[in-house]
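Shown next, in structure tokens, is the structure this report addresses.
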Amino acid sequence: MSLLEVSDVRKYFPIKSGIFFQREVGRVHAVDGVSLSVEAGETLGVVGESGCGKSTLARCMTGLHEVTSGTIAFDGDVRRDVQMVFQDPYGSLNPRRRIGSIIADPLVIHREGTPSSRRGRVRDLMALVGLNPEHYNRFPAEFSGGQRQRVGIARALALNPRLVVCDEPVSALDVSIQAQVVNLLKDLQTELGLTYVFIAHDLSVVRYVSDRVAVMYLGKIVEIAPGEELYERPRHPYTAALLSAASVADPDRPRDRVVLRGDVPSPISPPSGCRFHPRCPKAQERCRVEEPLLLGDGHKWACHFPLEPGERLRSAEVGR
Amino acid sequence: MSLLEVSGLRVTFATPDGDLQAVRGVSFEVEAGQTLGVVGESGSGKSVSVQALLGLVPGARVEGSALFDGEQLIGMPAERLRRIRGARIGMVFQDPLSSLHPMYSVGRQIAEAVLVHRKVSKDQAWSVARERLEQVGIPAVRVRDYPHQFSGGMRQRVMIAMAMALDPELIIADEPTTALDATVRAQILELLGRLGCALIIITHDLGVIADMADEVMVMYAGKPVEKAGRRDLFRDPRHPYTRGLLNSLPHGKERLQPITGRPPSLLSPPSGCSFHPRCPVRIPRCPIEEPPMLGPDDHPDACWLEVGR
């Protein structure tokens, strides 16, 4: 069995209107029928643009959101063995509490050990993530962004979890600090045998850390494949567009970005058929009416007219 | 003569903890029609150094010289500076939502900029607004829409339309794509690349630099540490900080090589070369003496190792 099995998970957020009698006037389809599995010891990367539902999916996996429908099966105790590292190293730590007590929180909540054994454990954790254990009594404000993210990681590791869901763990950090935190996460994975779900919008970081990568668009997975395969041979036009639009620090990269038309449509009333069809350079009539399924073996994609290996996506109205 | 010639720029903020030297001696030039990329991490002084030229950092002490088309910007009376800002130098900021007035339609905001600087009728100003919106890919029928009716990428297009409303000779774009998604970011870069006027792009994203810049200035702790043409910077980085930045980025599956430590406090910058506490190749001279920009004119860097090259 996989460590985590997500089957046909949907998460809708109601939109209410009115002051006294709140009527539901619509729903945000944040995650809309996602199925995937996470194997023990691997890193599954999830990429997509803002509003694609990747953070909502992460919160469903950790149990922070109740799913609207579908099931999430985890081989273990979700509340103990699944932990999360958040994006914002400023907002995710209570500024009025000391670092030591923040890291000890999961231990206290799960009634682990005695106060003094917890203190020892917190010091060990701080050393593990590269913080000076003597800074136990300091407040978050005394730490830099990178160090705060280390605090968040230490807190996530307190209960020896099996799965750590990292939601944009490095995107708030400067480049030189990003690399430090990414290396730390990799080292911890080897040392502790962790499984990661790594959510980010930075494609090159995801490629570096992930064994497999899932691409999300408007609440759905449009393509999922082993990392190198996905980056080298994308089949879904959206994946190809996203890859060509990615920021790459190479001045000699051909500048034939696939510039997609327009913006991501609203998840309140997603387009019919394939959700990508209004922006897709390859879209045909069938895409408008029939929703493609996520099919394939190992490398799966949800597209009626996938790119053939080696095929280049032509640009839709460059500059518009 | 260059369009913009900045030399010895220093920006200091008085704080209760002492003077904070955000910019500690910056010099650069921008030629007409050329794109200068300014890259650095947070706190490197990249934004402040450019904003200070336009009198946009109230409360700061600004010293040095900045000649725009031969005119000294530093110390220029506010009213005169205002005539240059907006008309001859346009600006695009990171966050379009907080840079646009939420209660005025985008057309009115563009038209207003035109009316302030040009002697034209209201109708003419509005037609400029419509024309500029079309140029950035927004249908002119949306001229009376309000900022909240646009998406993030569209708002950034509005900002660009506003910046180019008066055909400026220079546009300063401060992190123009940081708040945007990848596919929208590509659209905005494409648009900025087509403007034709001189451009200063301030960014922390080396990918933006690799795409857009003709010349690049790398900043660290309030000072430039390296200047080079775009290809030279990526193919032959000289300063240990520039190398460190490039090595911090993933290249395939090789282990990342981050720069150790973190940027210094600008309240009390390190002695000598401000990068020396983090530098893997420092020599005894580095903590004692500050290196000037050394090396060839088209690719200087501020590192003592340059002396031995």
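Labels for the structure tokens follow display order: chains A, B, ..., residues from 1 in each chain, ligands from 1.
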- Pick out the residues sitting within 8 Å of B:Leu180, and hand them over as an NGL selection string; count only C-alpha atoms, and ignore anything fewer than 3 positions along from it in its own chain. :B and (152-153 or 177 or 184-185)
Those residues with N, CA and C atoms, as a PDB file, in the first residue's frame please?
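The resulting file, part-v9.pdb, is reproduced below:
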ATOM      1  N   GLY B 152      -4.262  40.254 -11.481  1.00  0.00           N
ATOM      2  CA  GLY B 152      -2.931  40.762 -11.139  1.00  0.00           C
ATOM      3  C   GLY B 152      -2.098  41.120 -12.367  1.00  0.00           C
ATOM      4  N   GLY B 153      -2.108  40.233 -13.352  1.00  0.00           N
ATOM      5  CA  GLY B 153      -1.323  40.474 -14.549  1.00  0.00           C
ATOM      6  C   GLY B 153      -1.850  41.673 -15.341  1.00  0.00           C
ATOM      7  N   THR B 177       7.702  41.590 -11.840  1.00  0.00           N
ATOM      8  CA  THR B 177       7.045  40.298 -12.050  1.00  0.00           C
ATOM      9  C   THR B 177       6.995  39.447 -10.791  1.00  0.00           C
ATOM     10  N   VAL B 184       1.932  34.427 -16.538  1.00  0.00           N
ATOM     11  CA  VAL B 184       1.636  35.855 -16.629  1.00  0.00           C
ATOM     12  C   VAL B 184       2.937  36.651 -16.620  1.00  0.00           C
ATOM     13  N   ARG B 185       3.892  36.168 -15.850  1.00  0.00           N
ATOM     14  CA  ARG B 185       5.209  36.784 -15.776  1.00  0.00           C
ATOM     15  C   ARG B 185       5.844  36.833 -17.164  1.00  0.00           C
TER      16      ARG B 185
END
When you get a sec, could you note down which chain B residues fall within 9 Å of chain A, using only C-alpha atoms, as an mmCIF file with N, CA and C atoms, in the first residue's frame?
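Final file, iface_37.cif:
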data_model
loop_
_atom_site.group_PDB
_atom_site.id
_atom_site.type_symbol
_atom_site.label_atom_id
_atom_site.label_comp_id
_atom_site.auth_asym_id
_atom_site.auth_seq_id
_atom_site.Cartn_x
_atom_site.Cartn_y
_atom_site.Cartn_z
ATOM 1 N N GLU B 41 19.830 40.590 -3.248
ATOM 2 C CA GLU B 41 18.856 40.001 -2.334
ATOM 3 C C GLU B 41 18.192 41.107 -1.518
ATOM 4 N N SER B 42 17.246 40.725 -0.668
ATOM 5 C CA SER B 42 16.581 41.772 0.103
ATOM 6 C C SER B 42 17.595 42.491 0.986
ATOM 7 N N VAL B 136 -0.826 47.699 -24.427
ATOM 8 C CA VAL B 136 -0.387 46.680 -23.475
ATOM 9 C C VAL B 136 -1.318 45.469 -23.489
ATOM 10 N N GLY B 137 -2.236 45.423 -24.459
ATOM 11 C CA GLY B 137 -3.052 44.233 -24.612
ATOM 12 C C GLY B 137 -4.324 44.230 -23.799
ATOM 13 N N ILE B 138 -4.811 45.413 -23.410
ATOM 14 C CA ILE B 138 -6.088 45.479 -22.712
ATOM 15 C C ILE B 138 -7.081 46.164 -23.642
ATOM 16 N N SER B 151 -7.306 41.342 -13.165
ATOM 17 C CA SER B 151 -6.469 40.358 -12.488
ATOM 18 C C SER B 151 -5.086 40.969 -12.235
ATOM 19 N N GLY B 152 -4.262 40.254 -11.481
ATOM 20 C CA GLY B 152 -2.931 40.762 -11.139
ATOM 21 C C GLY B 152 -2.098 41.120 -12.367
ATOM 22 N N GLY B 153 -2.108 40.233 -13.352
ATOM 23 C CA GLY B 153 -1.323 40.474 -14.549
ATOM 24 C C GLY B 153 -1.850 41.673 -15.341
ATOM 25 N N MET B 154 -3.184 41.814 -15.395
ATOM 26 C CA MET B 154 -3.800 42.937 -16.104
ATOM 27 C C MET B 154 -3.479 44.251 -15.399
ATOM 28 N N LEU B 180 3.700 37.926 -9.691
ATOM 29 C CA LEU B 180 2.908 37.306 -10.759
ATOM 30 C C LEU B 180 3.241 35.830 -10.950
ATOM 31 N N ASP B 181 2.287 35.091 -11.510
ATOM 32 C CA ASP B 181 2.499 33.687 -11.822
ATOM 33 C C ASP B 181 3.364 33.533 -13.063
ATOM 34 N N ALA B 182 3.907 32.322 -13.204
ATOM 35 C CA ALA B 182 4.874 32.076 -14.275
ATOM 36 C C ALA B 182 4.364 32.467 -15.661
ATOM 37 N N THR B 183 3.161 32.021 -16.034
ATOM 38 C CA THR B 183 2.722 32.285 -17.404
ATOM 39 C C THR B 183 2.409 33.767 -17.608
ATOM 40 N N VAL B 184 1.932 34.427 -16.538
ATOM 41 C CA VAL B 184 1.636 35.855 -16.629
ATOM 42 C C VAL B 184 2.937 36.651 -16.620
ATOM 43 N N ARG B 185 3.892 36.168 -15.850
ATOM 44 C CA ARG B 185 5.209 36.784 -15.776
ATOM 45 C C ARG B 185 5.844 36.833 -17.164
ATOM 46 N N ALA B 186 5.710 35.731 -17.899
ATOM 47 C CA ALA B 186 6.270 35.680 -19.242
ATOM 48 C C ALA B 186 5.619 36.734 -20.135
ATOM 49 N N GLN B 187 4.299 36.920 -19.980
ATOM 50 C CA GLN B 187 3.596 37.938 -20.780
ATOM 51 C C GLN B 187 4.137 39.337 -20.477
ATOM 52 N N ILE B 188 4.337 39.614 -19.177
ATOM 53 C CA ILE B 188 4.775 40.953 -18.782
ATOM 54 C C ILE B 188 6.216 41.214 -19.253
ATOM 55 N N GLU B 190 7.632 39.908 -21.848
ATOM 56 C CA GLU B 190 7.531 40.101 -23.289
ATOM 57 C C GLU B 190 7.160 41.567 -23.590
ATOM 58 N N LEU B 191 6.190 42.062 -22.819
ATOM 59 C CA LEU B 191 5.702 43.425 -23.011
ATOM 60 C C LEU B 191 6.794 44.448 -22.683
ATOM 61 N N ARG B 194 9.375 44.926 -25.297
ATOM 62 C CA ARG B 194 8.969 45.586 -26.542
ATOM 63 C C ARG B 194 8.874 47.092 -26.417
ATOM 64 N N HIS B 204 15.252 40.341 -7.849
ATOM 65 C CA HIS B 204 16.080 39.362 -7.153
ATOM 66 C C HIS B 204 16.173 38.098 -7.994
ATOM 67 N N ASP B 205 15.479 38.086 -9.130
ATOM 68 C CA ASP B 205 15.304 36.889 -9.933
ATOM 69 C C ASP B 205 16.329 36.865 -11.067
ATOM 70 N N LEU B 206 17.305 35.976 -10.937
ATOM 71 C CA LEU B 206 18.349 35.908 -11.955
ATOM 72 C C LEU B 206 17.781 35.482 -13.308
ATOM 73 N N GLY B 207 16.623 34.812 -13.289
ATOM 74 C CA GLY B 207 15.983 34.427 -14.542
ATOM 75 C C GLY B 207 15.514 35.644 -15.331
ATOM 76 N N VAL B 208 14.998 36.650 -14.626
ATOM 77 C CA VAL B 208 14.568 37.887 -15.284
ATOM 78 C C VAL B 208 15.779 38.579 -15.907
ATOM 79 N N ILE B 209 16.884 38.599 -15.161
ATOM 80 C CA ILE B 209 18.114 39.204 -15.668
ATOM 81 C C ILE B 209 18.574 38.487 -16.930
ATOM 82 N N ALA B 210 18.570 37.148 -16.876
ATOM 83 C CA ALA B 210 19.042 36.364 -18.018
ATOM 84 C C ALA B 210 18.190 36.615 -19.252
ATOM 85 N N ASP B 211 16.911 36.933 -19.054
ATOM 86 C CA ASP B 211 15.999 37.173 -20.165
ATOM 87 C C ASP B 211 16.101 38.580 -20.733
ATOM 88 N N MET B 212 16.300 39.550 -19.853
ATOM 89 C CA MET B 212 15.992 40.928 -20.217
ATOM 90 C C MET B 212 17.186 41.876 -20.316
ATOM 91 N N ARG B 230 25.231 40.835 -19.912
ATOM 92 C CA ARG B 230 24.423 39.712 -19.466
ATOM 93 C C ARG B 230 25.138 38.366 -19.635
ATOM 94 N N ARG B 231 25.664 38.112 -20.819
ATOM 95 C CA ARG B 231 26.279 36.801 -21.051
ATOM 96 C C ARG B 231 27.526 36.632 -20.192
ATOM 97 N N PHE B 234 26.775 35.580 -16.564
ATOM 98 C CA PHE B 234 26.392 34.190 -16.324
ATOM 99 C C PHE B 234 27.492 33.210 -16.734
ATOM 100 N N ARG B 235 28.268 33.561 -17.758
ATOM 101 C CA ARG B 235 29.284 32.633 -18.254
ATOM 102 C C ARG B 235 30.600 32.779 -17.503
ATOM 103 N N GLY B 244 28.441 32.692 -5.854
ATOM 104 C CA GLY B 244 27.637 32.046 -4.821
ATOM 105 C C GLY B 244 26.161 32.060 -5.186
ATOM 106 N N LEU B 245 25.693 33.197 -5.695
ATOM 107 C CA LEU B 245 24.282 33.303 -6.093
ATOM 108 C C LEU B 245 23.962 32.292 -7.182
ATOM 109 N N LEU B 246 24.817 32.229 -8.195
ATOM 110 C CA LEU B 246 24.557 31.318 -9.308
ATOM 111 C C LEU B 246 24.636 29.863 -8.851
ATOM 112 N N ASN B 247 25.561 29.558 -7.924
ATOM 113 C CA ASN B 247 25.666 28.182 -7.425
ATOM 114 C C ASN B 247 24.505 27.802 -6.520
ATOM 115 N N SER B 248 23.798 28.814 -5.979
ATOM 116 C CA SER B 248 22.664 28.520 -5.113
ATOM 117 C C SER B 248 21.460 28.027 -5.907
ATOM 118 N N LEU B 249 21.492 28.263 -7.223
ATOM 119 C CA LEU B 249 20.356 27.847 -8.048
ATOM 120 C C LEU B 249 20.532 26.396 -8.456
ATOM 121 N N PRO B 250 19.405 25.658 -8.551
ATOM 122 C CA PRO B 250 19.521 24.262 -8.961
ATOM 123 C C PRO B 250 19.984 24.142 -10.419
ATOM 124 N N HIS B 251 20.973 23.275 -10.654
ATOM 125 C CA HIS B 251 21.346 22.891 -12.020
ATOM 126 C C HIS B 251 21.222 21.390 -12.050
ATOM 127 N N GLY B 252 20.152 20.876 -12.617
ATOM 128 C CA GLY B 252 19.963 19.427 -12.618
ATOM 129 C C GLY B 252 19.891 18.898 -11.199
ATOM 130 N N LYS B 253 20.581 17.795 -10.943
ATOM 131 C CA LYS B 253 20.439 17.144 -9.643
ATOM 132 C C LYS B 253 21.669 17.323 -8.751
ATOM 133 N N GLU B 254 22.636 18.145 -9.208
ATOM 134 C CA GLU B 254 23.806 18.357 -8.354
ATOM 135 C C GLU B 254 23.396 19.039 -7.062
ATOM 136 N N ARG B 255 24.104 18.694 -5.978
ATOM 137 C CA ARG B 255 23.779 19.301 -4.698
ATOM 138 C C ARG B 255 23.994 20.806 -4.764
ATOM 139 N N LEU B 256 23.049 21.562 -4.189
ATOM 140 C CA LEU B 256 23.148 23.013 -4.190
ATOM 141 C C LEU B 256 24.330 23.448 -3.318
ATOM 142 N N GLN B 257 24.965 24.531 -3.727
ATOM 143 C CA GLN B 257 26.054 25.076 -2.921
ATOM 144 C C GLN B 257 25.667 26.458 -2.444
ATOM 145 N N PRO B 258 24.976 26.507 -1.302
ATOM 146 C CA PRO B 258 24.524 27.814 -0.832
ATOM 147 C C PRO B 258 25.683 28.656 -0.323
ATOM 148 N N ILE B 259 25.433 29.965 -0.250
ATOM 149 C CA ILE B 259 26.373 30.849 0.436
ATOM 150 C C ILE B 259 26.112 30.652 1.920
ATOM 151 N N THR B 260 27.147 30.461 2.719
ATOM 152 C CA THR B 260 26.917 30.265 4.149
ATOM 153 C C THR B 260 26.545 31.602 4.794
ATOM 154 N N GLY B 261 25.995 31.531 5.990
ATOM 155 C CA GLY B 261 25.678 32.751 6.727
ATOM 156 C C GLY B 261 24.555 33.532 6.103
ATOM 157 N N ARG B 262 24.433 34.788 6.500
ATOM 158 C CA ARG B 262 23.387 35.614 5.929
ATOM 159 C C ARG B 262 23.851 37.057 5.781
#
Any idea what's packed within 7 Å of stretch 29-34 of chain B, counting only C-alpha atoms, ignoring anything in its chain fewer than 3 positions away? Could you give it as a PyMOL selection string?
-> chain B and resi 2-6+196-199+214
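With only C-alpha atoms taken into account, the protein and nucleic acid residues at most 7 Å from A:Gln149 (excluding it and anything under 4 positions from it in its own chain) are Pro89, Gly145 and Ile153 of chain A.
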Export, as a tab-separated table (two decimals), in the first residue's frame, the selected residues with N, CA and C atoms.
chain	number	residue	atom	x	y	z
A	89	PRO	N	7.42	32.23	6.98
A	89	PRO	CA	8.13	32.01	8.24
A	89	PRO	C	7.82	33.10	9.26
A	145	GLY	N	14.60	35.19	8.40
A	145	GLY	CA	13.61	34.37	7.69
A	145	GLY	C	14.05	32.92	7.55
A	153	ILE	N	10.56	23.83	10.54
A	153	ILE	CA	10.92	22.45	10.18
A	153	ILE	C	11.11	21.63	11.45
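Using only C-alpha atoms, the protein and nucleic acid residues lying no more than 10 Å from B:Val57, apart from those fewer than 6 places from it along its own chain, are B:Val11, B:Phe13, B:Val48, B:Ser49, B:Val50, B:Gln51.
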Dump of N, CA and C atoms for the selected residues, as a compact mmCIF listing (two decimals), in the first residue's frame:
# COMPACT_ATOMS: atom_id res chain seq x y z
N VAL B 11 22.76 56.66 0.26
CA VAL B 11 21.47 56.93 0.88
C VAL B 11 21.56 56.46 2.33
N PHE B 13 19.58 56.44 6.19
CA PHE B 13 18.40 56.68 7.01
C PHE B 13 18.85 56.85 8.45
N VAL B 48 16.23 50.99 -3.16
CA VAL B 48 16.43 52.32 -2.57
C VAL B 48 17.33 53.16 -3.47
N SER B 49 18.37 52.53 -4.05
CA SER B 49 19.30 53.32 -4.83
C SER B 49 18.61 53.95 -6.03
N VAL B 50 17.64 53.27 -6.61
CA VAL B 50 16.97 53.83 -7.77
C VAL B 50 15.85 54.79 -7.35
N GLN B 51 15.12 54.41 -6.30
CA GLN B 51 14.05 55.30 -5.83
C GLN B 51 14.59 56.64 -5.35
Exercise. Quick one: DSSP helix (DSSP H, G or I) residues in stretch 68-194 of chain B, as a ChimeraX atom specification?
Worked result: /B:78-84,96-99,106-117,122-135,140-144,147-149,152-163,182-193
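Distances to A:His236 were evaluated for A:Arg138, A:Val67, A:Val151, A:Tyr217 using only C-alpha atoms, and the minimum falls at A:Tyr217.
Look at A:Leu194: the protein and nucleic acid residues within 7 Å of it, using only C-alpha atoms and passing over chain neighbours fewer than 2 places away, are Gly41, Arg162, Leu163, Gln189, Leu192 and Tyr196 of chain A.
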Just C-alpha atoms for this one: save the residues we selected as a tab-separated table (two decimals), in the first residue's frame.
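Listing of part_32.tsv after writing:
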chain	number	residue	atom	x	y	z
A	41	GLY	CA	10.48	7.60	0.97
A	162	ARG	CA	6.51	9.85	8.28
A	163	LEU	CA	5.12	12.39	5.81
A	189	GLN	CA	15.06	13.11	4.25
A	192	LEU	CA	15.25	10.27	8.87
A	196	TYR	CA	7.79	14.72	1.29
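Taking only C-alpha atoms into account, B:Val281 lies nearest to B:Glu306 out of the set B:Glu306, B:Asp95, B:Asp232, B:Asp297.
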Between atom CA of A:Gly219 and atom CA of A:Arg279 lies a distance of 15.9 Å
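Compared by their closest atoms to A:Ala240, and using only C-alpha atoms, the residues A:Arg312, A:Arg212, A:Arg27, A:Arg288 rank with A:Arg312 nearest.
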- prompt: Which residues come within 6 Å of B:Ile200, counting only C-alpha atoms, excluding same-chain residues fewer than 6 positions away, as a count of residues only?
  reply: 4
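Distance annotation: of B:Val92, B:Ala60, B:Val120, B:Leu54, the residue with the minimal separation from B:Glu79 is B:Leu54; atom set is only C-alpha atoms.
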